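J.: Here it is, the structure, as structure tokens.
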Amino acid sequence: MPEIDRRAVVAGMAALGAAGLVGAAGAQQAPKPLMKTIPSSGEAIPAVGLGTWITFNVGEDQALRDESAEVMRAFFEAGGRMIDSSPMYGSAQAVVGHGLKKLGSQQALFSAEKVWISSGRDGPGQIEQTRRFWGVPRFDLLQVHNLLAFDSHFETLEAMKAEGKVRYVGVTTSEGRRHGDLEKLLATRKLDFVQLTYNPVDREAEQRLLPLARERGIAVIVNRPFRQGDLTEELEGEKLPDFAGELGATSWAQLILKFVASHPAVTCAIPATTSVSHVRENLAAVSGPMPDEAMRERIAKALTEI
Amino acid sequence: MSEWWTYRPSDFLLFSPRVYERLIESHNAGVWPWQLAALAAGLVLIGLVRRGGPQSGRAALALAGAGLAMSGWGFLWSRYAGINWAAAYAAPAFLTAGAGFAAVAALLNAPLRPTVRPAGALAAVLLALAVIAYPLAAPSLGKPWSAAEIAGVMPDPSALAALGVAALVRRPFLAAALAAVPALWSLYAAMTLFTLGAPEAWLIAAGLALFVAAVTARAVQPYR
Ligand SMILES: NC(=O)c1ccc[n+]([C@@H]2O[C@H](COP(=O)([O-])OP(=O)(O)OC[C@H]3O[C@@H](n4cnc5c(N)ncnc54)[C@H](OP(=O)(O)O)[C@@H]3O)[C@@H](O)[C@H]2O)c1
């Protein structure tokens, strides 16, 4: 079966019950995460993925590499698919590769990588090196990291997509940087994905970028949902608002992810973690009831009041 | 870099404190018992500088250079570069600087002026900080002895020791050239450790301050 077809089938199966995919290990039947559609293809993916910045940069430390693999195992078992990394993240790519090797081929994997190098000419070499680190035949998504040398890299990515060497192409930014430039790209280029920072306290993207992405049919990946852990740390020990129960949320982290993932333009939030229980908690966040607009505002208000 | 003013040091921090601490411990385990030799060499270095004289100065320069080269190769290149690509650039700089110290030791007859006060005294304090105080930092902060950082093994105390020797080099131009790499590294290391929330950052900052004080003292009262 050609790769695309197999992928489509896998995606369809994931939509039916991602937990079932991982076989015996997933026997404890995790609840199904919310699925969101990639507008350019109609493929559905779970609304929570896994980031790797800092958390997976553990170098050659065998114990920590195995810990990362366990996080990945729990992630797949809970129905997760998208893992995001970058050549900027030190050893994180190789550590993802270690996890994939240890867990055996993961059909559910949706691999999201980046190209991050100042010269366009060096892009293909870097992408190939990245692919070897992961040990995958090709990536599902390649993004131009932080718009660096966008034009030349994007040309490479479009050519790869045309040849079937990558399924989706995109661009990333974070922490509100270069939103003006990003807006121009969203309006003028044929992007499948855009990645940006969005959470109940960093809401600038709501003004222009999220509506524009929606209008242009561009899937949105949300990075830094917890502000690199600053939010979850500050909220530790703070009492959850009463309405958390209505949403089936047991932690602030879950409320934040519910807020992020329920925005209609958002396709997937990619929190990073070193902890098996956190990765489960993060996927469970989008497995229960999701907030409506009024509830989203209540979450944001509760958070900003603390 | 665009919108550079929006970046903070933490945006460049690629790894967690836990990973960094474990890296140091596993490096120490890997090179044991080399630490004992390095520690002894550090104490000899202090002795040589205190004693003065042409041959002692040359030997001190050679030892400081060897410390840079060993820590640059052994830790920066072989270990740290795995989690921090900046270390992959710093490693060749350490090797080059180490070769520079060795070259000055080989070519100049009486390269150091250690006994001039107060620059000499300040440099001596800096050397003691690098060789004796720095290794004690980790255990006194409640970390295991296996986390102790010793000059000649780890880059941070090696750079401080090199600064202590460079501050005493007779010719100002040469002193500046030799100090460049260890000084830049110390700035970077201090920033990294501050961002990691590691109190060792203060020791490096103190070392840099001692270096600046020594260099200022000799500018006011130049070596002859
Ligand atoms: N420009 C770009 O392209 C760009 C920029 C930034 C980020 N990204 C991507 O986006 C990903 C996410 O961003 P990020 O890693 O910066 O920040 P983040 O996901 O907002 O925060 C990660 C931190 O949150 C903590 N955490 C995770 N789940 C938790 C839970 N359930 N409860 C409490 N704490 C929890 C983790 O600590 P524990 O380990 O203790 O769980 C970790 O330290 C990155 O990993 C990266 O893949 C891309």
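Residues are named by chain letter and number: chains run A, B, ... in the order of the structure tokens, numbers start at 1 in each chain, and ligands are numbered from 1 in the order shown.
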Taking only C-alpha atoms into account, find every residue of chain B that has an atom no more than 12 Å from chain A, and write it out as an NGL selection string.

T.: :B and (1-8 or 10-27 or 78-88)

J.: Using only C-alpha atoms and all ligand atoms, find each residue with an atom at most 8 Å away from ligand 1 and format the answer as a ChimeraX atom specification.

T.: /A:50-55,83-86,114,145-146,171-175,195-197,222-233,251-254,269-275,277-282

J.: Counting only C-alpha atoms, which of B:Gly120, B:Pro144, B:Pro155, B:Pro111 gets nearest to Phe211 of chain B?

T.: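 The closest residue to Phe211 of chain B is B:Gly120.
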
J.: Taking the DSSP secondary structure from the backbone, can you list the residues of segment 30-168 of chain B that are alpha helix (DSSP H), as an MDAnalysis selection string?

T.: chainID B and resid 30:31 34:51 54:71 85:107 119:128 134:140 155:166

J.: If you run DSSP on the backbone here, which positions in segment 61-235 of chain A get strand (DSSP E or B)? Please write them as a ChimeraX atom specification.

T.: /A:82-84,110-115,139-144,166-172,193-197,219-223

J.: Keeping only N, CA, C and O atoms, take the residues you just selected and write them out as a short mmCIF file (atom, residue, chain, number, x, y, z; two decimals), in the first residue's frame.

T.:
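Saved result, out-v9.cif, follows:
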```cif
data_model
loop_
_atom_site.label_atom_id
_atom_site.label_comp_id
_atom_site.auth_asym_id
_atom_site.auth_seq_id
_atom_site.Cartn_x
_atom_site.Cartn_y
_atom_site.Cartn_z
N MET A 82 1.64 13.59 17.27
CA MET A 82 2.63 14.54 16.77
C MET A 82 3.78 14.76 17.76
O MET A 82 3.58 15.14 18.90
N ILE A 83 5.01 14.52 17.30
CA ILE A 83 6.20 14.86 18.08
C ILE A 83 6.96 15.92 17.29
O ILE A 83 7.18 15.77 16.09
N ASP A 84 7.34 16.99 17.99
CA ASP A 84 7.97 18.14 17.35
C ASP A 84 9.39 18.32 17.87
O ASP A 84 9.63 18.28 19.07
N PHE A 110 3.30 11.09 14.07
CA PHE A 110 3.24 12.19 13.12
C PHE A 110 4.48 13.03 13.41
O PHE A 110 4.55 13.74 14.40
N SER A 111 5.49 12.91 12.53
CA SER A 111 6.78 13.53 12.81
C SER A 111 6.80 14.97 12.31
O SER A 111 6.56 15.23 11.14
N ALA A 112 7.08 15.89 13.23
CA ALA A 112 7.15 17.31 12.87
C ALA A 112 8.56 17.80 13.16
O ALA A 112 9.01 17.77 14.29
N GLU A 113 9.26 18.20 12.12
CA GLU A 113 10.65 18.66 12.28
C GLU A 113 10.82 20.05 11.68
O GLU A 113 9.87 20.63 11.15
N LYS A 114 12.05 20.55 11.79
CA LYS A 114 12.31 21.90 11.30
C LYS A 114 13.64 21.96 10.57
O LYS A 114 14.50 21.09 10.75
N VAL A 115 13.76 22.98 9.76
CA VAL A 115 15.06 23.29 9.18
C VAL A 115 15.48 24.60 9.80
O VAL A 115 14.69 25.54 9.91
N PHE A 139 9.63 12.70 6.80
CA PHE A 139 8.86 13.42 7.82
C PHE A 139 7.44 13.70 7.34
O PHE A 139 7.21 13.86 6.15
N ASP A 140 6.52 13.76 8.29
CA ASP A 140 5.17 14.19 7.95
C ASP A 140 5.15 15.69 7.70
O ASP A 140 4.52 16.15 6.76
N LEU A 141 5.86 16.42 8.57
CA LEU A 141 5.83 17.88 8.47
C LEU A 141 7.24 18.43 8.62
O LEU A 141 7.97 18.06 9.53
N LEU A 142 7.61 19.35 7.72
CA LEU A 142 8.85 20.10 7.87
C LEU A 142 8.51 21.58 7.93
O LEU A 142 7.75 22.08 7.10
N GLN A 143 9.10 22.27 8.92
CA GLN A 143 8.80 23.68 9.13
C GLN A 143 10.09 24.50 9.06
O GLN A 143 11.15 24.03 9.47
N VAL A 144 9.99 25.71 8.55
CA VAL A 144 11.12 26.63 8.60
C VAL A 144 11.13 27.23 10.00
O VAL A 144 10.19 27.93 10.39
N VAL A 166 8.01 14.78 1.74
CA VAL A 166 7.43 15.28 2.99
C VAL A 166 5.96 15.51 2.70
O VAL A 166 5.59 15.79 1.56
N ARG A 167 5.11 15.35 3.71
CA ARG A 167 3.67 15.45 3.44
C ARG A 167 3.13 16.86 3.61
O ARG A 167 2.22 17.27 2.91
N TYR A 168 3.69 17.58 4.59
CA TYR A 168 3.20 18.94 4.86
C TYR A 168 4.39 19.88 5.05
O TYR A 168 5.45 19.46 5.51
N VAL A 169 4.15 21.16 4.76
CA VAL A 169 5.21 22.16 4.97
C VAL A 169 4.65 23.31 5.82
O VAL A 169 3.44 23.57 5.81
N GLY A 170 5.55 23.96 6.56
CA GLY A 170 5.08 25.02 7.44
C GLY A 170 6.20 25.93 7.89
O GLY A 170 7.33 25.87 7.40
N VAL A 171 5.85 26.78 8.85
CA VAL A 171 6.80 27.77 9.37
C VAL A 171 6.51 27.93 10.86
O VAL A 171 5.38 27.71 11.30
N THR A 172 7.54 28.28 11.64
CA THR A 172 7.32 28.47 13.07
C THR A 172 7.83 29.82 13.55
O THR A 172 8.72 30.41 12.96
N PHE A 193 0.97 24.27 7.55
CA PHE A 193 1.00 24.47 9.00
C PHE A 193 1.69 25.78 9.36
O PHE A 193 2.62 26.20 8.67
N VAL A 194 1.23 26.37 10.45
CA VAL A 194 1.99 27.44 11.08
C VAL A 194 2.10 27.09 12.56
O VAL A 194 1.16 26.53 13.14
N GLN A 195 3.27 27.37 13.16
CA GLN A 195 3.45 27.10 14.59
C GLN A 195 3.75 28.41 15.32
O GLN A 195 4.60 29.18 14.88
N LEU A 196 3.02 28.65 16.40
CA LEU A 196 3.20 29.90 17.14
C LEU A 196 2.85 29.69 18.61
O LEU A 196 2.35 28.63 19.00
N THR A 197 3.14 30.72 19.42
CA THR A 197 2.85 30.64 20.85
C THR A 197 1.44 31.17 21.14
O THR A 197 1.05 32.22 20.65
N ALA A 219 -3.28 24.76 9.14
CA ALA A 219 -3.33 24.14 10.46
C ALA A 219 -2.40 24.90 11.41
O ALA A 219 -1.37 25.42 11.00
N VAL A 220 -2.78 24.95 12.70
CA VAL A 220 -2.00 25.71 13.67
C VAL A 220 -1.48 24.79 14.77
O VAL A 220 -2.25 24.08 15.43
N ILE A 221 -0.16 24.82 14.95
CA ILE A 221 0.48 24.11 16.07
C ILE A 221 0.79 25.17 17.13
O ILE A 221 1.32 26.23 16.81
N VAL A 222 0.44 24.88 18.37
CA VAL A 222 0.69 25.85 19.45
C VAL A 222 1.87 25.38 20.31
O VAL A 222 1.81 24.31 20.92
N ASN A 223 2.94 26.22 20.31
CA ASN A 223 4.07 25.90 21.18
C ASN A 223 3.98 26.70 22.48
O ASN A 223 3.17 27.61 22.61
#
```

J.: Compare B:Ala167, B:Ala29, B:Leu203, B:Ala177 by their minimum atom-to-atom distance to Thr115 of chain B, counting only C-alpha atoms, and give me the closest one.

T.: B:Ala167

J.: Find the residues around Ala205 of chain B up to 10 Å (only C-alpha atoms counted), leave out those fewer than 2 positions away in its own chain, and share them as a list in words.

T.: Leu160, Ser186, Leu187, Ala189, Ala190, Met191, Phe194, Glu200, Ala201, Trp202, Leu203, Gly207, Leu208, Ala209, Leu210 and Phe211 of chain B

J.: Just give me the gap between atom CA of Ala93 of chain B and atom CA of Gly123 of chain A in Å, one decimal is fine.

T.: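 About the pair atom CA of Ala93 of chain B and atom CA of Gly123 of chain A: they are 26.5 Å apart.
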